[in-house]
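J.: What follows is a single structure, and I will ask about it in a moment.
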Amino acid sequence: MAPYIVRRMVSTIVVIAMVGIFVFLLLRLAPGDPASIIAGDSATPQMIAAIREKLGFNDPLPLQFVHWALAMLGGDFGISIFSGRPVLELILQRLEPTISLSLATMIVSSTVGVSFGVFAAWRTGGFADRVLSAFAALGFSVPVFVVGYFLIYFFAIRMQLLPVQGYQPFAQGLEPWFVRLILPTIALSFPYIALIARITRASMLEVLSEDYMRTAAAKGASPYSMLFHHALKNAGVPILTIIALCFAYLLSGVVITETVFNIPGVGRLTVDAINNRDYPIIQAVLMLASGVYVLINLAVDLAYTLIDPRIRY
């Protein structure tokens with residue numbers, strides 16, 4: 001098992017390094033002079049030259065990358081062009097809403113999606129299975145912002161049960177923090193529940209058709225034991241894979257959801273940075289999001305060995 005873990009960790013480092021090269025070149029290889037883009041349309045040649053000297057654009061490209069990478073490893077993500085404040089400080093200020101929304105979304109999506117998929121596989125061809133198929137088709141076809149606006153109109157405006165927009169920090173109370181996360185979590189979880197439920201159903205049906213499952217049924221195993229102790233564990237690898245892939249799509253969903261529900265998170269910060277052409281913030285967010293995604297995939301790969309011992313060999 002140790003060689004497998006070492007190989008996965010080495011590949012993770014290589015992937016992060018490749019992402020770093022891409023993010024670094026994103027600004028350098030963009031059309032036009034990066035210093036001119038940063039300075040704006042009304043900049044003078046002297047201002048552009050000063051920006052190039054300050055940001056080190058006159059140095060050779062490999063040397064620029066080394067300086068940038070060492071600064072990133074030391075926690076220095078640069079200074080925001082628009083606000084003049086450290087990028088890391090701006091991201092940390094917006095991190096709590098995004099983490100709260102992301103964790104709530106994945107917990108709800110995984111719990112509800114796996115439960116729906118297991119129940120639909122157990123009652124395959126029945127009413128629950130048909131309802132799941134209809135729900136999955138709806139979840140795949142309806143955009144997140146449409147679901148968000150519908151939830152706002154129905155639960156916040158018409159019924160006045162939940163707040164329309166905004167975010168309440170956890171330090172200011174558990175109840176207001178939880179209440180303001182309900183609608184955005186449901187909106188963002190909608191497509192992921194459908195995807196996880198469909199994959200869970202397909203994996204469970206494949207496992208339930210195996211000979212050892214029929215043997216367990218012939219020996220008098222209870223439906224609960226067959227579904228959760230035998231079938232779900234053996235169907236866990238594809239389910240874990242799709243849950244990990246959901247994190248790849250979560251960033252774009254968070255950006256849209258935070259915009260719809262006016263949540264001051266990293267997604268809103270990214271949108272504002274793109275509108276203001278604040279490249280240091282864009283680079284930092286891309287690196288952090290890529291790093292988190294790669295580490296999650298590493299954790300999932302290592303979890304495979306706990307579910308299926310054959311992967312260790």
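Residue numbers start at 1 in each chain; chains themselves are named A, B, ... in the order of the structure tokens; ligands are numbered from 1 in the order shown.
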For region 73-87 of chain A, list every protein, DNA or RNA residue within 12 Å, evaluated using only C-alpha atoms, and leave out those in the same chain fewer than 3 positions away; present the list as a count of residues only.
T.: 42
J.: Residues at most 12 Å from Leu61 (chain A), counting only C-alpha atoms, excluding those fewer than 3 positions away in the same chain, as a list in words?
T.: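 Final neighbour list, sorted by chain and number: Ile21, Phe24, Leu25, Leu27, Arg28, Leu29, Gly56, Phe57, Asn58, Gln64, Phe65, Val66, His67 and Trp68 of chain A.
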J.: Go ahead and dump the residues you just picked, N, CA and C atoms, as a tab-separated table (two decimals), in the first residue's frame.
T.:
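What follows is the written file again-v5.tsv:
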chain	number	residue	atom	x	y	z
A	21	ILE	N	2.19	26.44	-13.50
A	21	ILE	CA	2.77	26.96	-14.76
A	21	ILE	C	1.67	27.56	-15.63
A	24	PHE	N	0.48	30.87	-14.13
A	24	PHE	CA	1.50	31.90	-14.30
A	24	PHE	C	1.50	32.44	-15.73
A	25	LEU	N	1.39	31.52	-16.70
A	25	LEU	CA	1.42	31.94	-18.11
A	25	LEU	C	0.11	32.57	-18.56
A	27	LEU	N	-1.49	35.16	-17.52
A	27	LEU	CA	-1.35	36.61	-17.66
A	27	LEU	C	-0.25	36.96	-18.66
A	28	ARG	N	0.86	36.22	-18.62
A	28	ARG	CA	2.00	36.57	-19.46
A	28	ARG	C	1.72	36.35	-20.95
A	29	LEU	N	0.94	35.31	-21.27
A	29	LEU	CA	0.67	34.99	-22.67
A	29	LEU	C	-0.64	35.59	-23.18
A	56	GLY	N	8.25	43.05	-12.11
A	56	GLY	CA	9.32	42.17	-12.58
A	56	GLY	C	9.12	41.64	-13.98
A	57	PHE	N	8.31	42.32	-14.79
A	57	PHE	CA	8.05	41.84	-16.15
A	57	PHE	C	9.25	41.99	-17.07
A	58	ASN	N	10.26	42.77	-16.66
A	58	ASN	CA	11.45	42.93	-17.49
A	58	ASN	C	12.44	41.78	-17.29
A	64	GLN	N	10.99	35.03	-13.66
A	64	GLN	CA	9.71	35.53	-13.16
A	64	GLN	C	8.90	34.40	-12.52
A	65	PHE	N	8.90	33.23	-13.16
A	65	PHE	CA	8.15	32.10	-12.61
A	65	PHE	C	8.72	31.65	-11.28
A	66	VAL	N	10.05	31.60	-11.16
A	66	VAL	CA	10.67	31.19	-9.90
A	66	VAL	C	10.30	32.15	-8.78
A	67	HIS	N	10.40	33.46	-9.04
A	67	HIS	CA	10.04	34.45	-8.02
A	67	HIS	C	8.57	34.32	-7.64
A	68	TRP	N	7.71	34.15	-8.64
A	68	TRP	CA	6.27	34.03	-8.37
A	68	TRP	C	5.95	32.77	-7.57
J.: What is the CA of Arg130 (chain A) to CA of Phe154 (chain A) distance in Å?
T.: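 Calculated distance between CA of Arg130 (chain A) and CA of Phe154 (chain A) is 25.8 Å.
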J.: So that each row is one residue of region 144-256 of chain A with an atom at most 9 Å from region 108-124 of chain A, can you give its shortest atom pair and the distance in Å to one decimal, using only C-alpha atoms, rows by chain and rising number, as JSON lines?
T.:
{"residue": "A:Thr185", "atom": "CA", "partner": "A:Val108", "partner_atom": "CA", "distance": 7.9}
{"residue": "A:Ile186", "atom": "CA", "partner": "A:Val108", "partner_atom": "CA", "distance": 8.1}
{"residue": "A:Leu188", "atom": "CA", "partner": "A:Ser109", "partner_atom": "CA", "distance": 8.9}
{"residue": "A:Ser189", "atom": "CA", "partner": "A:Ser109", "partner_atom": "CA", "distance": 5.4}
{"residue": "A:Phe190", "atom": "CA", "partner": "A:Ser109", "partner_atom": "CA", "distance": 7.6}
{"residue": "A:Pro191", "atom": "CA", "partner": "A:Ser109", "partner_atom": "CA", "distance": 8.6}
{"residue": "A:Tyr192", "atom": "CA", "partner": "A:Ser109", "partner_atom": "CA", "distance": 5.8}
{"residue": "A:Ile193", "atom": "CA", "partner": "A:Gly113", "partner_atom": "CA", "distance": 4.4}
{"residue": "A:Ala194", "atom": "CA", "partner": "A:Gly113", "partner_atom": "CA", "distance": 6.5}
{"residue": "A:Leu195", "atom": "CA", "partner": "A:Gly113", "partner_atom": "CA", "distance": 7.6}
{"residue": "A:Ile196", "atom": "CA", "partner": "A:Gly113", "partner_atom": "CA", "distance": 5.1}
{"residue": "A:Ala197", "atom": "CA", "partner": "A:Gly117", "partner_atom": "CA", "distance": 4.2}
{"residue": "A:Arg198", "atom": "CA", "partner": "A:Gly117", "partner_atom": "CA", "distance": 6.1}
{"residue": "A:Ile199", "atom": "CA", "partner": "A:Gly117", "partner_atom": "CA", "distance": 7.4}
{"residue": "A:Thr200", "atom": "CA", "partner": "A:Gly117", "partner_atom": "CA", "distance": 4.8}
{"residue": "A:Arg201", "atom": "CA", "partner": "A:Gly117", "partner_atom": "CA", "distance": 4.3}
{"residue": "A:Ala202", "atom": "CA", "partner": "A:Ala121", "partner_atom": "CA", "distance": 7.5}
{"residue": "A:Ser203", "atom": "CA", "partner": "A:Ala121", "partner_atom": "CA", "distance": 8.8}
{"residue": "A:Met204", "atom": "CA", "partner": "A:Ala121", "partner_atom": "CA", "distance": 6.1}
{"residue": "A:Leu205", "atom": "CA", "partner": "A:Ala121", "partner_atom": "CA", "distance": 5.7}
{"residue": "A:Leu208", "atom": "CA", "partner": "A:Ala121", "partner_atom": "CA", "distance": 8.5}
{"residue": "A:Pro223", "atom": "CA", "partner": "A:Trp122", "partner_atom": "CA", "distance": 8.7}
{"residue": "A:Leu227", "atom": "CA", "partner": "A:Val118", "partner_atom": "CA", "distance": 7.3}
{"residue": "A:Phe228", "atom": "CA", "partner": "A:Val118", "partner_atom": "CA", "distance": 8.5}
{"residue": "A:Leu232", "atom": "CA", "partner": "A:Val118", "partner_atom": "CA", "distance": 7.8}
{"residue": "A:Ile239", "atom": "CA", "partner": "A:Val114", "partner_atom": "CA", "distance": 8.0}
{"residue": "A:Ile243", "atom": "CA", "partner": "A:Ser110", "partner_atom": "CA", "distance": 7.0}
J.: Run DSSP on the backbone and tell me which residues of region 92-308 of chain A come out as helix (DSSP H, G or I); list them as an NGL selection string.
T.: :A and (92-122 or 127-141 or 144-158 or 170-172 or 174-208 or 211-218 or 223-234 or 236-260 or 266-275 or 279-307)
J.: Out of A:Arg268, A:Ala221, A:Cys246, A:Phe261, which residue has the shortest atom-to-atom distance to Leu103 (chain A) when counting only C-alpha atoms?
T.: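 Smallest distance to Leu103 (chain A) is found for A:Cys246.
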J.: Against region 290-302 of chain A, which residues of region 17-105 of chain A fall within 12 Å? For each one I want the closest pair of atoms and the distance in Å (one decimal), counting only C-alpha atoms, rows by chain and increasing residue number, as a tab-separated table.
T.:
residue	atom	partner	partner_atom	distance
A:Ala17	CA	A:Gly291	CA	9.8
A:Met18	CA	A:Ser290	CA	10.5
A:Val19	CA	A:Ser290	CA	7.2
A:Gly20	CA	A:Ser290	CA	9.0
A:Phe22	CA	A:Ser290	CA	11.1
A:Val23	CA	A:Ser290	CA	10.0
A:Ile99	CA	A:Val292	CA	11.5
J.: Ala156 (chain A): which residues within 12 Å, counting only C-alpha atoms, same-chain residues fewer than 2 positions away excluded, as an mmCIF file with C-alpha atoms, in the first residue's frame?
T.:
data_model
loop_
_atom_site.group_PDB
_atom_site.id
_atom_site.type_symbol
_atom_site.label_atom_id
_atom_site.label_comp_id
_atom_site.auth_asym_id
_atom_site.auth_seq_id
_atom_site.Cartn_x
_atom_site.Cartn_y
_atom_site.Cartn_z
ATOM 1 C CA GLY A 148 -32.259 29.870 -7.062
ATOM 2 C CA TYR A 149 -34.685 32.497 -8.339
ATOM 3 C CA PHE A 150 -37.584 30.049 -8.029
ATOM 4 C CA LEU A 151 -36.674 29.295 -4.402
ATOM 5 C CA ILE A 152 -36.364 32.998 -3.630
ATOM 6 C CA TYR A 153 -39.745 33.757 -5.193
ATOM 7 C CA PHE A 154 -41.617 30.873 -3.563
ATOM 8 C CA ARG A 158 -44.497 34.469 -1.448
ATOM 9 C CA MET A 159 -44.368 32.419 1.771
ATOM 10 C CA GLN A 160 -41.863 34.665 3.625
ATOM 11 C CA LEU A 161 -40.352 31.693 5.431
ATOM 12 C CA LEU A 162 -36.693 32.365 4.720
ATOM 13 C CA PRO A 163 -34.520 35.446 4.077
ATOM 14 C CA VAL A 164 -34.066 36.473 0.462
ATOM 15 C CA GLN A 165 -30.342 37.165 0.297
ATOM 16 C CA VAL A 179 -31.250 29.861 8.038
ATOM 17 C CA ARG A 180 -29.445 31.967 5.433
ATOM 18 C CA ILE A 182 -30.865 26.873 3.397
ATOM 19 C CA LEU A 183 -31.951 28.353 0.067
ATOM 20 C CA PRO A 184 -28.494 28.637 -1.563
ATOM 21 C CA PHE A 261 -28.142 35.166 -3.238
#
